[in-house]
Structures are given as C-alpha cells and as structure tokens.
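Asks: Let me begin by handing over the structure; questions about it come next.
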Amino acid sequence: MCIRDRDTLFDTCIDKVDPNEFVLHLVGGLRDDIDVKMLCQLMLVKVTNLSQAAAAGQLEELCAALFKTLKTNVGKESSTPTEVKRNHDCHVSALRAVLALRAIDETAKPITDLVADMEGNERIAPKWQAALAEADGRAASVNVTFA
C-alpha cells in the first residue's frame with residue numbers, strides 16, 4: 001500500500017472502517033517485517049489523530065511492539081549501509097508513533113512505562129531526546145506569529 005492509498009483510505013473511507021478492529025491489525029503489523037512495521041507506524045500516527053479511543057484501547061500492545069522495534073539493532077559490521085539506514089528510519093518512525101500515542105494520554109501506565117524504558121536504555125535515550133526536540137521544534141514553528 002502506498003502512502004497515497006493510505007491517505008485515501010483515511011480521508012474517504014474512514015466511516016467504513018471499524019477503528020478498533022483496524023488498530024488490532026496495526027498491532028500485528030508492528031510485529032511484522034521492517035517494511036510492514038514502518039507502514040503501520042505511519043498509519044498509527046494517522047489513526048491516533050482520527051480515533052484516539054481506538055488507539056487508547058490497545059495502548060499496552062502498541063507500546064510493547066514499538067519498544068521491541070526500538071530495541072532491535074542491526075550490527076553495523078554485519079549489515080549493509082542500506083540495512084543500517086532502514087533500521088534507523090524504522091526507529092525514527094517508531095518514535096514518531098510513540099509521540100502520537102503519548103499525545104493521547106502521557107500519564108497512562110503503558111506510556112509512562114515505555115518512556116521510562118526508553119530513557120533507561122543508553123542506545124534509545126538519545127534518539128528519544130532527539131524525537132522530543134524535533135516535536136518541540138515543529139510545535140514552535142506552528143506557533144510563530146507574523147507581525
């Protein structure tokens with residue numbers, strides 16, 4: 001499914017899709033191959049904007065799948081540069097999905113546990129801080145006023 005098709009699904013057919021059922025399928029996709037994971041991470045960001053309740057209902061499973069992805073590391077010495085880049089891109093996408101879930105309820109136990117686990121992991125913590133800074137930068141650019 002290309003991104004244009006995904007956006008078409010969300011923009012024109014969302015009333016025909018059960019968001020709870022859709023999120024259940026996203027959970028499975030987040031545990032799949034890297035290409036499927038990245039697509040599901042993008043869809044998760046979109047679905048959290050459209051149906052927070054559906055995402056909130058599967059918060060524990062979503063957080064667990066995203067953390068498992070973030071813990072996955074390809075060895076630079078045993079992987080091609082393309083594999084290393086794809087893994088990095090997958091991590092960035094997963095962190096954006098975490099930020100979208102966190103926007104639903106940052107005090108929910110699955111979210112607080114996930115954030116604590118990420119901050120406690122020396123390899124993931126800097127990536128998490130970079131994702132937070134990127135999100136803050138986007139928010140600041142939206143709040144710019146013109147005189």
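By order in the structure tokens, chains are A, B, ...; within a chain, residues start at 1; ligands start at 1, following the order shown.
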Find the nearest atom pair between each residue of range 30-69 of chain A and range 98-106 of chain A for residues within 7 Å, count only C-alpha atoms, give distances in Å to one decimal, sort rows by chain and ascending number, and present the table as a tab-separated table.

Replies:
```
residue	atom	partner	partner_atom	distance
A:Val45	CA	A:Ala100	CA	5.6
A:Thr48	CA	A:Ala100	CA	6.5
A:Gln52	CA	A:Ile104	CA	6.3
```

Asks: For range 18-46 of chain A against range 64-79 of chain A, with a cut-off of 8 Å and counting only C-alpha atoms, what is the closest atom pair and its distance in Å to one decimal for every residue that makes the cut, ordered by chain and number, as a tab-separated table?

Replies:
```
residue	atom	partner	partner_atom	distance
A:Val27	CA	A:Ala65	CA	7.1
A:Leu30	CA	A:Ala65	CA	5.9
A:Arg31	CA	A:Ala65	CA	6.0
```

Asks: Atoms to include: N, CA, C and O atoms. Write the selected residues as a PDB file, in the first residue's frame.

Replies:
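Writing the result to again-v1.pdb gives the following:
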```pdb
ATOM      1  N   VAL A  27      -1.466  -3.523  15.380  1.00  0.00           N
ATOM      2  CA  VAL A  27      -0.623  -4.181  16.392  1.00  0.00           C
ATOM      3  C   VAL A  27       0.125  -5.346  15.752  1.00  0.00           C
ATOM      4  O   VAL A  27       1.338  -5.499  15.937  1.00  0.00           O
ATOM      5  N   LEU A  30       2.845  -4.090  13.444  1.00  0.00           N
ATOM      6  CA  LEU A  30       4.010  -3.538  14.154  1.00  0.00           C
ATOM      7  C   LEU A  30       4.981  -4.619  14.581  1.00  0.00           C
ATOM      8  O   LEU A  30       6.110  -4.328  14.965  1.00  0.00           O
ATOM      9  N   ARG A  31       4.547  -5.866  14.520  1.00  0.00           N
ATOM     10  CA  ARG A  31       5.405  -7.002  14.887  1.00  0.00           C
ATOM     11  C   ARG A  31       5.937  -7.736  13.656  1.00  0.00           C
ATOM     12  O   ARG A  31       6.574  -8.768  13.777  1.00  0.00           O
TER      13      ARG A  31
END
```

Asks: Between A:Val84, A:Val47, A:Val17, A:Leu59, which one has atoms that come closest to Ile34 in chain A, using only C-alpha atoms?

Replies: A:Val84

Asks: Go ahead and compute the interatomic distance for CA of Ser51 in chain A and CA of Glu134 in chain A, in Å to one decimal.

Replies: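 Interatomic distance here is 23.8 Å.
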
Asks: One number please: CA of Cys90 in chain A to CA of Gln129 in chain A, in Å, one decimal.

Replies: 16.3 Å

Asks: Using DSSP on the backbone, list every residue of range 4-52 of chain A that comes out as alpha helix (DSSP H), and give them as a VMD selection string.

Replies: chain A and resid 4 to 12 19 to 29 34 to 50 52

Asks: Just checking: using only C-alpha atoms, which residue out of A:Val36, A:Leu132, A:Cys63, A:Leu26 ends up closest to Leu114 in chain A?

Replies: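 Under the stated criterion, the closest residue is A:Cys63.
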
Asks: Nearest to Gln41 in chain A among A:Val92, A:Asp113, A:Ala56, A:Gly137, with distances taken over only C-alpha atoms: which residue is it?

Replies: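 Among the listed residues, the smallest separation from Gln41 in chain A belongs to A:Val92.
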
Asks: Give me, as a list in words, all polymer residues having an atom no more than 12 Å from Leu50 in chain A, counting only C-alpha atoms and skipping those fewer than 3 positions away in the same chain.

Replies: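 Answer for this query is Asp7, Phe10, Asp11, Ile14, Asp15, Val17, Asp18, Pro19, Asn20, Phe22, Val23, Met43, Leu44, Val45, Lys46, Val47, Ala53, Ala54, Ala55, Ala56, Ala100 and Ile104 of chain A.
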
Asks: Suppose you want the space between CA of Thr112 in chain A and CA of Gln58 in chain A; what is it in Å?

Replies: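 Computing it gives 14.9 Å between the two atoms.
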